[in-house]
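Data block for work18.json (JSON, C-alpha atoms):
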```
[["chain", "number", "residue", "atom", "x", "y", "z"],
["A", 1, "MET", "CA", 133.12, 177.43, 30.09],
["A", 2, "LYS", "CA", 136.01, 179.87, 30.49],
["A", 3, "THR", "CA", 139.00, 179.03, 32.66],
["A", 4, "ALA", "CA", 140.77, 181.60, 34.81],
["A", 5, "LEU", "CA", 144.02, 181.41, 36.75],
["A", 6, "ILE", "CA", 144.38, 183.64, 39.82],
["A", 7, "THR", "CA", 147.78, 184.17, 41.39],
["A", 8, "GLY", "CA", 147.45, 185.23, 45.02],
["A", 9, "ILE", "CA", 144.11, 183.45, 45.35],
["A", 10, "THR", "CA", 144.51, 183.05, 49.12],
["A", 11, "GLY", "CA", 144.54, 186.84, 49.63],
["A", 12, "GLN", "CA", 141.67, 189.26, 50.14],
["A", 13, "ASP", "CA", 141.24, 190.15, 46.46],
["A", 14, "GLY", "CA", 141.88, 186.60, 45.26],
["A", 15, "SER", "CA", 139.08, 185.20, 47.39],
["A", 16, "TYR", "CA", 136.51, 187.78, 46.24],
["A", 17, "LEU", "CA", 137.56, 187.39, 42.61],
["A", 18, "ALA", "CA", 137.31, 183.59, 42.81],
["A", 19, "GLU", "CA", 133.75, 183.92, 44.13],
["A", 20, "LEU", "CA", 132.83, 186.30, 41.33],
["A", 21, "LEU", "CA", 134.25, 184.07, 38.60],
["A", 22, "LEU", "CA", 132.60, 180.93, 40.00],
["A", 23, "ASN", "CA", 129.26, 182.75, 39.97],
["A", 24, "LYS", "CA", 129.87, 183.57, 36.30],
["A", 25, "GLY", "CA", 130.47, 179.90, 35.46],
["A", 26, "TYR", "CA", 134.26, 179.91, 35.22],
["A", 27, "ALA", "CA", 136.56, 177.02, 36.02],
["A", 28, "VAL", "CA", 138.89, 178.65, 38.55],
["A", 29, "TRP", "CA", 142.51, 177.69, 39.19],
["A", 30, "GLY", "CA", 144.44, 179.31, 42.02],
["A", 31, "MET", "CA", 148.21, 179.50, 42.34],
["A", 32, "HIS", "CA", 149.73, 179.49, 45.81],
["A", 33, "ARG", "CA", 153.28, 179.31, 47.12],
["A", 34, "ARG", "CA", 154.63, 176.26, 48.92],
["A", 35, "THR", "CA", 155.09, 177.18, 52.58],
["A", 36, "SER", "CA", 155.23, 175.16, 55.79],
["A", 37, "THR", "CA", 152.03, 176.81, 57.04],
["A", 38, "VAL", "CA", 149.52, 177.59, 54.30],
["A", 39, "ASN", "CA", 146.57, 179.84, 55.11],
["A", 40, "PHE", "CA", 143.47, 178.93, 53.10],
["A", 41, "GLU", "CA", 141.05, 180.61, 55.53],
["A", 42, "ARG", "CA", 139.69, 183.11, 52.98],
["A", 43, "ILE", "CA", 138.84, 180.41, 50.42],
["A", 44, "GLU", "CA", 137.75, 177.53, 52.68],
["A", 45, "HIS", "CA", 134.10, 178.03, 51.72],
["A", 46, "ILE", "CA", 134.87, 177.54, 48.00],
["A", 47, "ALA", "CA", 137.73, 175.03, 48.30],
["A", 48, "ASN", "CA", 135.70, 172.26, 46.64],
["A", 49, "ASP", "CA", 134.89, 174.46, 43.65],
["A", 50, "ILE", "CA", 138.40, 175.59, 42.70],
["A", 51, "THR", "CA", 141.64, 173.87, 41.69],
["A", 52, "LEU", "CA", 144.71, 174.87, 43.69],
["A", 53, "ILE", "CA", 148.18, 174.47, 42.23],
["A", 54, "GLN", "CA", 151.61, 175.30, 43.64],
["A", 55, "GLY", "CA", 153.77, 177.88, 41.90],
["A", 56, "ASP", "CA", 155.91, 180.93, 42.56],
["A", 57, "LEU", "CA", 156.51, 184.24, 40.80],
["A", 58, "LEU", "CA", 160.21, 183.68, 41.53],
["A", 59, "ASP", "CA", 160.25, 180.47, 39.46],
["A", 60, "GLN", "CA", 159.77, 180.77, 35.69],
["A", 61, "ASN", "CA", 159.41, 177.01, 35.13],
["A", 62, "SER", "CA", 156.58, 176.67, 37.65],
["A", 63, "LEU", "CA", 154.65, 179.44, 35.88],
["A", 64, "GLN", "CA", 154.99, 177.80, 32.48],
["A", 65, "ASN", "CA", 153.99, 174.42, 33.88],
["A", 66, "ILE", "CA", 150.89, 175.90, 35.50],
["A", 67, "LEU", "CA", 149.81, 177.59, 32.27],
["A", 68, "GLN", "CA", 150.29, 174.36, 30.31],
["A", 69, "GLN", "CA", 148.28, 172.41, 32.88],
["A", 70, "ALA", "CA", 145.42, 174.86, 33.55],
["A", 71, "ARG", "CA", 145.19, 176.22, 29.97],
["A", 72, "PRO", "CA", 143.47, 179.44, 31.15],
["A", 73, "ASP", "CA", 141.65, 181.93, 28.98],
["A", 74, "GLU", "CA", 142.37, 184.67, 31.52],
["A", 75, "VAL", "CA", 145.14, 185.22, 34.09],
["A", 76, "PHE", "CA", 144.72, 187.60, 37.02],
["A", 77, "ASN", "CA", 148.05, 188.44, 38.65],
["A", 78, "LEU", "CA", 147.19, 189.44, 42.22],
["A", 79, "ALA", "CA", 150.27, 187.90, 43.88],
["A", 80, "ALA", "CA", 152.81, 190.35, 45.32],
["A", 81, "GLN", "CA", 154.74, 191.35, 48.39],
["A", 82, "SER", "CA", 152.12, 194.00, 49.04],
["A", 83, "PHE", "CA", 152.76, 195.22, 52.60],
["A", 84, "VAL", "CA", 154.45, 198.62, 52.33],
["A", 85, "PRO", "CA", 156.40, 198.53, 55.65],
["A", 86, "THR", "CA", 157.86, 195.12, 54.74],
["A", 87, "SER", "CA", 159.04, 196.53, 51.41],
["A", 88, "TRP", "CA", 161.40, 198.82, 53.33],
["A", 89, "ASN", "CA", 162.81, 195.91, 55.34],
["A", 90, "GLN", "CA", 163.01, 193.57, 52.32],
["A", 91, "PRO", "CA", 163.38, 195.80, 49.24],
["A", 92, "LEU", "CA", 165.22, 193.24, 47.09],
["A", 93, "LEU", "CA", 162.68, 190.48, 47.72],
["A", 94, "THR", "CA", 159.87, 192.95, 47.05],
["A", 95, "GLY", "CA", 161.44, 193.81, 43.70],
["A", 96, "GLU", "CA", 161.94, 190.16, 42.76],
["A", 97, "ILE", "CA", 158.30, 189.27, 43.45],
["A", 98, "THR", "CA", 156.34, 192.44, 42.79],
["A", 99, "ALA", "CA", 158.36, 193.73, 39.80],
["A", 100, "LEU", "CA", 160.29, 190.93, 38.08],
["A", 101, "GLY", "CA", 157.58, 188.40, 38.97],
["A", 102, "VAL", "CA", 155.27, 190.20, 36.55],
["A", 103, "THR", "CA", 157.85, 189.85, 33.76],
["A", 104, "ARG", "CA", 158.25, 186.14, 34.46],
["A", 105, "LEU", "CA", 154.50, 185.61, 34.25],
["A", 106, "LEU", "CA", 154.09, 187.68, 31.08],
["A", 107, "GLU", "CA", 156.99, 185.86, 29.46],
["A", 108, "ALA", "CA", 155.46, 182.52, 30.44],
["A", 109, "ILE", "CA", 152.16, 183.57, 28.84],
["A", 110, "ARG", "CA", 153.95, 184.75, 25.68],
["A", 111, "THR", "CA", 155.74, 181.42, 25.46],
["A", 112, "VAL", "CA", 152.82, 179.10, 26.24],
["A", 113, "ASN", "CA", 149.85, 180.95, 24.72],
["A", 114, "PRO", "CA", 150.02, 184.69, 23.89],
["A", 115, "ALA", "CA", 146.24, 184.74, 23.34],
["A", 116, "ILE", "CA", 145.65, 184.50, 27.11],
["A", 117, "ARG", "CA", 144.14, 187.70, 28.49],
["A", 118, "PHE", "CA", 146.21, 189.15, 31.36],
["A", 119, "TYR", "CA", 145.29, 191.40, 34.29],
["A", 120, "GLN", "CA", 148.00, 193.09, 36.36],
["A", 121, "ALA", "CA", 147.14, 194.42, 39.83],
["A", 122, "SER", "CA", 148.64, 197.91, 39.85],
["A", 123, "THR", "CA", 148.16, 200.28, 42.79],
["A", 124, "SER", "CA", 147.60, 203.89, 43.79],
["A", 125, "GLU", "CA", 150.89, 203.66, 45.72],
["A", 126, "MET", "CA", 152.55, 204.24, 42.33],
["A", 127, "PHE", "CA", 151.38, 207.87, 42.50],
["A", 128, "GLY", "CA", 153.06, 208.38, 45.90],
["A", 129, "LYS", "CA", 154.01, 212.03, 46.10],
["A", 130, "VAL", "CA", 151.11, 213.01, 43.90],
["A", 131, "ARG", "CA", 151.63, 215.24, 40.86],
["A", 132, "GLU", "CA", 147.95, 216.16, 40.49],
["A", 133, "VAL", "CA", 144.66, 215.81, 42.38],
["A", 134, "PRO", "CA", 142.72, 213.66, 41.72],
["A", 135, "GLN", "CA", 144.94, 210.99, 40.19],
["A", 136, "ARG", "CA", 143.95, 209.53, 36.83],
["A", 137, "GLU", "CA", 145.43, 207.18, 34.24],
["A", 138, "THR", "CA", 147.64, 209.95, 32.79],
["A", 139, "THR", "CA", 149.00, 211.21, 36.14],
["A", 140, "PRO", "CA", 152.81, 210.77, 36.36],
["A", 141, "PHE", "CA", 154.02, 208.22, 38.90],
["A", 142, "TYR", "CA", 156.17, 209.24, 41.89],
["A", 143, "PRO", "CA", 156.39, 206.17, 44.17],
["A", 144, "ARG", "CA", 157.51, 206.63, 47.78],
["A", 145, "SER", "CA", 158.36, 203.06, 48.80],
["A", 146, "PRO", "CA", 160.11, 199.99, 47.36],
["A", 147, "TYR", "CA", 156.62, 198.48, 47.00],
["A", 148, "GLY", "CA", 155.36, 201.45, 44.99],
["A", 149, "ALA", "CA", 158.49, 201.47, 42.81],
["A", 150, "SER", "CA", 158.17, 197.73, 42.16],
["A", 151, "LYS", "CA", 154.55, 198.17, 41.14],
["A", 152, "VAL", "CA", 155.54, 200.92, 38.70],
["A", 153, "TYR", "CA", 157.88, 198.43, 37.01],
["A", 154, "GLY", "CA", 155.12, 195.81, 36.93],
["A", 155, "HIS", "CA", 152.74, 198.34, 35.42],
["A", 156, "TRP", "CA", 155.09, 199.48, 32.64],
["A", 157, "ILE", "CA", 156.31, 196.00, 31.75],
["A", 158, "THR", "CA", 152.64, 195.08, 31.24],
["A", 159, "VAL", "CA", 152.26, 198.04, 28.88],
["A", 160, "ASN", "CA", 155.47, 196.99, 27.10],
["A", 161, "TYR", "CA", 154.27, 193.44, 26.49],
["A", 162, "ARG", "CA", 150.93, 194.74, 25.25],
["A", 163, "GLU", "CA", 152.53, 197.11, 22.77],
["A", 164, "SER", "CA", 155.46, 194.89, 21.76],
["A", 165, "TYR", "CA", 153.73, 191.53, 21.38],
["A", 166, "ASN", "CA", 150.12, 192.60, 20.79],
["A", 167, "MET", "CA", 149.03, 190.79, 23.96],
["A", 168, "PHE", "CA", 145.73, 191.50, 25.69],
["A", 169, "ALA", "CA", 147.29, 192.88, 28.88],
["A", 170, "CYS", "CA", 145.59, 195.34, 31.23],
["A", 171, "SER", "CA", 146.55, 197.09, 34.46],
["A", 172, "GLY", "CA", 144.01, 198.07, 37.07],
["A", 173, "ILE", "CA", 145.33, 200.97, 39.14],
["A", 174, "LEU", "CA", 143.33, 200.16, 42.25],
["A", 175, "PHE", "CA", 143.11, 202.61, 45.10],
["A", 176, "ASN", "CA", 142.84, 201.33, 48.68],
["A", 177, "HIS", "CA", 140.20, 198.62, 48.90],
["A", 178, "GLU", "CA", 139.34, 196.90, 52.16],
["A", 179, "SER", "CA", 137.05, 194.28, 53.66],
["A", 180, "PRO", "CA", 136.68, 191.97, 56.66],
["A", 181, "ARG", "CA", 139.13, 189.69, 54.82],
["A", 182, "ARG", "CA", 141.93, 192.27, 54.90],
["A", 183, "GLY", "CA", 145.00, 191.09, 56.83],
["A", 184, "LEU", "CA", 145.48, 192.32, 60.39],
["A", 185, "GLU", "CA", 148.82, 193.92, 59.46],
["A", 186, "PHE", "CA", 147.04, 196.53, 57.32],
["A", 187, "VAL", "CA", 145.98, 199.74, 59.07],
["A", 188, "THR", "CA", 142.24, 199.41, 58.34],
["A", 189, "ARG", "CA", 141.92, 195.97, 59.94],
["A", 190, "LYS", "CA", 144.34, 196.96, 62.70],
["A", 191, "ILE", "CA", 141.96, 199.80, 63.56],
["A", 192, "THR", "CA", 138.69, 197.84, 63.48],
["A", 193, "ASP", "CA", 140.15, 194.77, 65.19],
["A", 194, "THR", "CA", 141.80, 196.76, 68.00],
["A", 195, "ALA", "CA", 138.70, 198.93, 68.50],
["A", 196, "VAL", "CA", 136.61, 195.78, 69.01],
["A", 197, "ARG", "CA", 139.17, 194.32, 71.41],
["A", 198, "ILE", "CA", 139.15, 197.58, 73.38],
["A", 199, "LYS", "CA", 135.35, 197.43, 73.52],
["A", 200, "LYS", "CA", 135.55, 193.89, 74.91],
["A", 201, "GLY", "CA", 138.26, 194.72, 77.43],
["A", 202, "MET", "CA", 140.87, 192.70, 75.57],
["A", 203, "ALA", "CA", 143.10, 195.69, 74.71],
["A", 204, "SER", "CA", 143.73, 199.11, 76.22],
["A", 205, "GLU", "CA", 145.18, 201.20, 73.39],
["A", 206, "LEU", "CA", 145.70, 201.51, 69.64],
["A", 207, "ARG", "CA", 149.09, 202.68, 68.35],
["A", 208, "LEU", "CA", 149.23, 204.24, 64.88],
["A", 209, "GLY", "CA", 151.52, 206.35, 62.70],
["A", 210, "ASN", "CA", 150.39, 209.37, 60.68],
["A", 211, "LEU", "CA", 146.74, 210.08, 61.48],
["A", 212, "GLU", "CA", 146.53, 212.84, 58.84],
["A", 213, "ALA", "CA", 147.35, 210.61, 55.84],
["A", 214, "LYS", "CA", 144.38, 210.55, 53.45],
["A", 215, "ARG", "CA", 143.26, 207.66, 51.29],
["A", 216, "ASP", "CA", 140.52, 206.77, 48.81],
["A", 217, "TRP", "CA", 138.97, 203.69, 50.47],
["A", 218, "GLY", "CA", 136.52, 201.32, 48.78],
["A", 219, "PHE", "CA", 135.18, 197.77, 49.20],
["A", 220, "ALA", "CA", 137.31, 194.96, 47.75],
["A", 221, "GLY", "CA", 134.21, 193.04, 46.64],
["A", 222, "ASP", "CA", 133.30, 195.95, 44.34],
["A", 223, "TYR", "CA", 136.81, 196.29, 42.94],
["A", 224, "VAL", "CA", 137.24, 192.69, 41.73],
["A", 225, "GLU", "CA", 134.27, 193.23, 39.42],
["A", 226, "ALA", "CA", 136.29, 195.96, 37.69],
["A", 227, "MET", "CA", 139.18, 193.51, 37.22],
["A", 228, "TRP", "CA", 136.89, 191.09, 35.41],
["A", 229, "LEU", "CA", 135.28, 193.82, 33.30],
["A", 230, "MET", "CA", 138.69, 194.95, 31.99],
["A", 231, "LEU", "CA", 139.32, 191.54, 30.42],
["A", 232, "GLN", "CA", 135.89, 191.48, 28.74],
["A", 233, "GLN", "CA", 136.53, 194.56, 26.58],
["A", 234, "GLU", "CA", 137.35, 194.54, 22.86],
["A", 235, "THR", "CA", 140.72, 196.22, 23.37],
["A", 236, "PRO", "CA", 143.09, 196.14, 26.38],
["A", 237, "ASP", "CA", 143.63, 199.30, 28.40],
["A", 238, "ASP", "CA", 144.54, 200.56, 31.88],
["A", 239, "TYR", "CA", 142.02, 201.94, 34.36],
["A", 240, "VAL", "CA", 141.96, 203.79, 37.68],
["A", 241, "ILE", "CA", 139.55, 202.08, 40.07],
["A", 242, "ALA", "CA", 138.54, 204.30, 42.98],
["A", 243, "THR", "CA", 135.60, 205.93, 44.76],
["A", 244, "GLY", "CA", 136.62, 209.52, 44.07],
["A", 245, "ALA", "CA", 136.35, 210.39, 47.79],
["A", 246, "THR", "CA", 139.10, 210.68, 50.37],
["A", 247, "HIS", "CA", 139.21, 210.23, 54.16],
["A", 248, "SER", "CA", 142.01, 210.54, 56.68],
["A", 249, "VAL", "CA", 143.23, 207.75, 58.95],
["A", 250, "LYS", "CA", 141.82, 209.83, 61.81],
["A", 251, "GLN", "CA", 138.37, 209.82, 60.19],
["A", 252, "LEU", "CA", 138.53, 206.05, 59.80],
["A", 253, "VAL", "CA", 139.49, 205.69, 63.46],
["A", 254, "GLN", "CA", 136.68, 207.99, 64.60],
["A", 255, "THR", "CA", 134.10, 206.19, 62.45],
["A", 256, "ALA", "CA", 135.10, 202.76, 63.81],
["A", 257, "PHE", "CA", 135.14, 203.91, 67.44],
["A", 258, "ASP", "CA", 131.82, 205.78, 67.06],
["A", 259, "ILE", "CA", 130.18, 202.56, 65.84],
["A", 260, "LEU", "CA", 131.29, 200.95, 69.12],
["A", 261, "ASP", "CA", 130.27, 204.02, 71.19],
["A", 262, "LEU", "CA", 133.87, 204.69, 72.22],
["A", 263, "ASP", "CA", 135.83, 207.95, 72.46],
["A", 264, "TRP", "CA", 138.81, 207.27, 70.19],
["A", 265, "GLU", "CA", 140.97, 210.00, 71.76],
["A", 266, "GLN", "CA", 141.08, 208.06, 75.02],
["A", 267, "TYR", "CA", 142.73, 205.05, 73.38],
["A", 268, "VAL", "CA", 144.71, 206.10, 70.29],
["A", 269, "ARG", "CA", 148.43, 206.88, 70.58],
["A", 270, "VAL", "CA", 150.75, 208.11, 67.80],
["A", 271, "ASP", "CA", 153.85, 205.93, 67.65],
["A", 272, "GLU", "CA", 156.84, 207.02, 65.54],
["A", 273, "ARG", "CA", 157.63, 203.37, 64.79],
["A", 274, "TYR", "CA", 154.63, 203.30, 62.44],
["A", 275, "VAL", "CA", 155.53, 206.45, 60.48],
["A", 276, "ARG", "CA", 156.84, 205.70, 56.97],
["A", 277, "PRO", "CA", 160.35, 206.84, 55.97],
["A", 278, "ALA", "CA", 158.72, 208.66, 53.03],
["A", 279, "GLU", "CA", 155.03, 209.37, 53.63],
["A", 280, "VAL", "CA", 152.26, 209.32, 51.05],
["A", 281, "ASP", "CA", 150.03, 212.15, 52.26],
["A", 282, "LEU", "CA", 147.05, 212.12, 49.89],
["A", 283, "LEU", "CA", 145.56, 209.66, 47.44],
["A", 284, "ILE", "CA", 142.26, 210.20, 45.64],
["A", 285, "GLY", "CA", 141.36, 208.60, 42.32],
["A", 286, "ASP", "CA", 139.33, 209.74, 39.34],
["A", 287, "PRO", "CA", 137.33, 206.67, 38.22],
["A", 288, "SER", "CA", 135.52, 208.45, 35.37],
["A", 289, "LYS", "CA", 137.21, 206.38, 32.63],
["A", 290, "ALA", "CA", 136.16, 203.11, 34.31],
["A", 291, "ARG", "CA", 132.65, 204.46, 34.77],
["A", 292, "LYS", "CA", 132.39, 205.48, 31.11],
["A", 293, "LYS", "CA", 134.10, 202.53, 29.38],
["A", 294, "LEU", "CA", 133.47, 199.65, 31.80],
["A", 295, "GLY", "CA", 130.16, 200.78, 33.25],
["A", 296, "TRP", "CA", 131.70, 200.28, 36.70],
["A", 297, "LYS", "CA", 131.01, 202.22, 39.87],
["A", 298, "PRO", "CA", 131.54, 201.43, 43.58],
["A", 299, "LYS", "CA", 128.49, 200.34, 45.56],
["A", 300, "VAL", "CA", 129.66, 200.40, 49.20],
["A", 301, "PRO", "CA", 130.31, 203.88, 50.69],
["A", 302, "PHE", "CA", 133.04, 204.58, 53.24],
["A", 303, "GLU", "CA", 130.90, 204.52, 56.40],
["A", 304, "ASP", "CA", 129.21, 201.26, 55.37],
["A", 305, "LEU", "CA", 132.61, 199.68, 54.66],
["A", 306, "VAL", "CA", 133.92, 200.55, 58.12],
["A", 307, "ARG", "CA", 130.72, 199.25, 59.73],
["A", 308, "LEU", "CA", 130.99, 196.01, 57.73],
["A", 309, "MET", "CA", 134.52, 195.48, 59.05],
["A", 310, "VAL", "CA", 133.69, 196.39, 62.66],
["A", 311, "GLU", "CA", 130.67, 194.07, 62.72],
["A", 312, "ALA", "CA", 132.73, 191.22, 61.25],
["A", 313, "ASP", "CA", 135.37, 191.69, 63.96],
["A", 314, "LEU", "CA", 132.66, 191.81, 66.63],
["A", 315, "LYS", "CA", 131.33, 188.49, 65.37],
["A", 316, "ARG", "CA", 134.83, 187.03, 65.36],
["A", 317, "TYR", "CA", 135.34, 187.93, 69.02],
["A", 318, "GLU", "CA", 131.82, 186.86, 70.08],
["A", 319, "GLY", "CA", 131.91, 185.36, 73.55],
["A", 320, "LYS", "CA", 135.49, 186.46, 74.20],
["A", 321, "GLU", "CA", 135.94, 188.96, 77.01],
["A", 322, "GLY", "CA", 138.74, 189.93, 79.37],
["A", 323, "ARG", "CA", 141.63, 192.22, 80.06],
["A", 324, "SER", "CA", 144.87, 191.91, 78.06]]
```
I'd like the structure from this file rewritten - as structure tokens, please.
Amino acid sequence: MKTALITGITGQDGSYLAELLLNKGYAVWGMHRRTSTVNFERIEHIANDITLIQGDLLDQNSLQNILQQARPDEVFNLAAQSFVPTSWNQPLLTGEITALGVTRLLEAIRTVNPAIRFYQASTSEMFGKVREVPQRETTPFYPRSPYGASKVYGHWITVNYRESYNMFACSGILFNHESPRRGLEFVTRKITDTAVRIKKGMASELRLGNLEAKRDWGFAGDYVEAMWLMLQQETPDDYVIATGATHSVKQLVQTAFDILDLDWEQYVRVDERYVRPAEVDLLIGDPSKARKKLGWKPKVPFEDLVRLMVEADLKRYEGKEGRS
């Protein structure tokens, strides 16, 4: 039986990855931060099958202690300050967690057991002001937020440890991946949740920023399979994980509202408060390397993903009606 450690196990990706690894017979350990209010909602259904342990990417000693206790074969680093707007308000904290936190974890692995296989969650936000379309593994990075810049550091320090210490360290450059487990602060869930509340008379409008921004959206449940596949290869490498298709925020809004038989233009308002200081206008990935070397391809198309999220929000609000 293999053992895996997942940082950020309480998040969207962590919960799907934990399910996948359990189904493959792994012993799964999950690291979570000590907070006064801990949210285990996404992993409640598998709580009895995993081992949770407290730790923090800000604390080197906690990381080493966890590795010595769990003795994992594989480590998946999904923990980060990953909300882009917050990275503008808290750029130093974002850098400490999302950038230097990767170094602390890699250094802990090198110290405790350099044979551990390591996965780093990189992001399409590293491409930012894109240098070519579509974006692939060789596309130069041009991040447009403290979050994107921190992820670039995390990506390159992973490459450095791989090349300097011969560690099995991979980065998955994942484009936008969503699900019903996505947090309400992210635009996709904000759209589907608010659309459902409008349908039920619980809200009257949806305020958004740039409706013309385009993203490559896929299903998180598909993307965690690519994470696992990267660590099963003979040699470590970095991969773009994407659908290869792009849609605007406006298209996502229209799709969600059409599912609910609503006219989105009656309810959606553009609010300058939600416009980024430096916008990322277009992201679309080229997943051909992952398809060729990993045998990976996305299974859930865009329209099905939006429907999945809308139907989950409908179920969540079942029996709740009324004006806000």
Check: Any idea what the distance is between atom CA of A:Gln54 and atom CA of A:Arg71?
Finding: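 Separation of atom CA of A:Gln54 and atom CA of A:Arg71: 15.1 Å.
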Mind listing whatever residues come within 7 Å of the point (137.5, 198.6, 36.4)? Use only C-alpha atoms, file coordinates, and give them as a PDB file with C-alpha atoms, keeping the file's coordinate frame.
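Output saved as point.pdb:
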```pdb
ATOM      1  CA  GLY A 172     144.010 198.070  37.070  1.00  0.00           C
ATOM      2  CA  TYR A 223     136.810 196.290  42.940  1.00  0.00           C
ATOM      3  CA  GLU A 225     134.270 193.230  39.420  1.00  0.00           C
ATOM      4  CA  ALA A 226     136.290 195.960  37.690  1.00  0.00           C
ATOM      5  CA  MET A 227     139.180 193.510  37.220  1.00  0.00           C
ATOM      6  CA  LEU A 229     135.280 193.820  33.300  1.00  0.00           C
ATOM      7  CA  MET A 230     138.690 194.950  31.990  1.00  0.00           C
ATOM      8  CA  TYR A 239     142.020 201.940  34.360  1.00  0.00           C
ATOM      9  CA  VAL A 240     141.960 203.790  37.680  1.00  0.00           C
ATOM     10  CA  ILE A 241     139.550 202.080  40.070  1.00  0.00           C
ATOM     11  CA  ALA A 290     136.160 203.110  34.310  1.00  0.00           C
ATOM     12  CA  LEU A 294     133.470 199.650  31.800  1.00  0.00           C
ATOM     13  CA  TRP A 296     131.700 200.280  36.700  1.00  0.00           C
TER      14      TRP A 296
END
```
Margin query: Between atom CA of A:Ile284 and atom CA of A:Asp216, what distance in Å does the model show, to one decimal?
Written below: 5.0 Å
Notebook entry, point to check: Do you have the atom CA of A:Asn160-atom CA of A:Gly148 distance handy?
Noted result: 18.4 Å
Margin query: Nearest residue to A:Ser164 out of A:Pro72, A:Pro114, A:Pro146, A:Pro134, using all atoms listed in the file?
Written below: A:Pro114
Note to self: When you look at A:Thr10 with a cut-off of 9 Å (counting only C-alpha atoms), what residues show up, excluding the ones that are within fewer than 4 positions of it in the same chain? I need them as a ChimeraX atom specification.
What the structure shows: /A:14-15,30-32,39-43
Next item on the list: Find the residue from A:Ile53, A:Leu20, A:Ala195, A:Ile173 that sits nearest to A:Arg34; use all atoms listed in the file when measuring.
Entry: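 Smallest separation from A:Arg34 among the options: A:Ile53.
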Next item on the list: In the coordinate frame of the file, compute which residues have an atom within 12 Å of (157.4, 203.6, 47.7) when using all atoms listed in the file, and state them as a VMD selection string.
Entry: chain A and resid 82 to 88 91 94 to 95 123 to 130 141 to 153 276 to 280
Check: Can you tell me, as an NGL selection string, what residues are no more than 10 Å from A:Ile157 when counting all atoms listed in the file, ignoring any on the same chain fewer than 4 positions away?
Finding: :A and (99-100 or 102-103 or 106 or 120 or 151-153 or 161-163 or 169)
Next item on the list: Find the residue from A:Lys199, A:Arg269, A:Arg316, A:Arg33 that sits nearest to A:Arg181; use all atoms listed in the file when measuring.
Entry: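 Nearest candidate to A:Arg181 out of A:Lys199, A:Arg269, A:Arg316, A:Arg33: A:Arg316.
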Checklist line | Minimum-distance residue to A:Ala312, chosen among A:Thr192, A:Ser288, A:Gln81, A:Gln254 (using all atoms listed in the file) | finding: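 Smallest separation from A:Ala312 among the options: A:Thr192.
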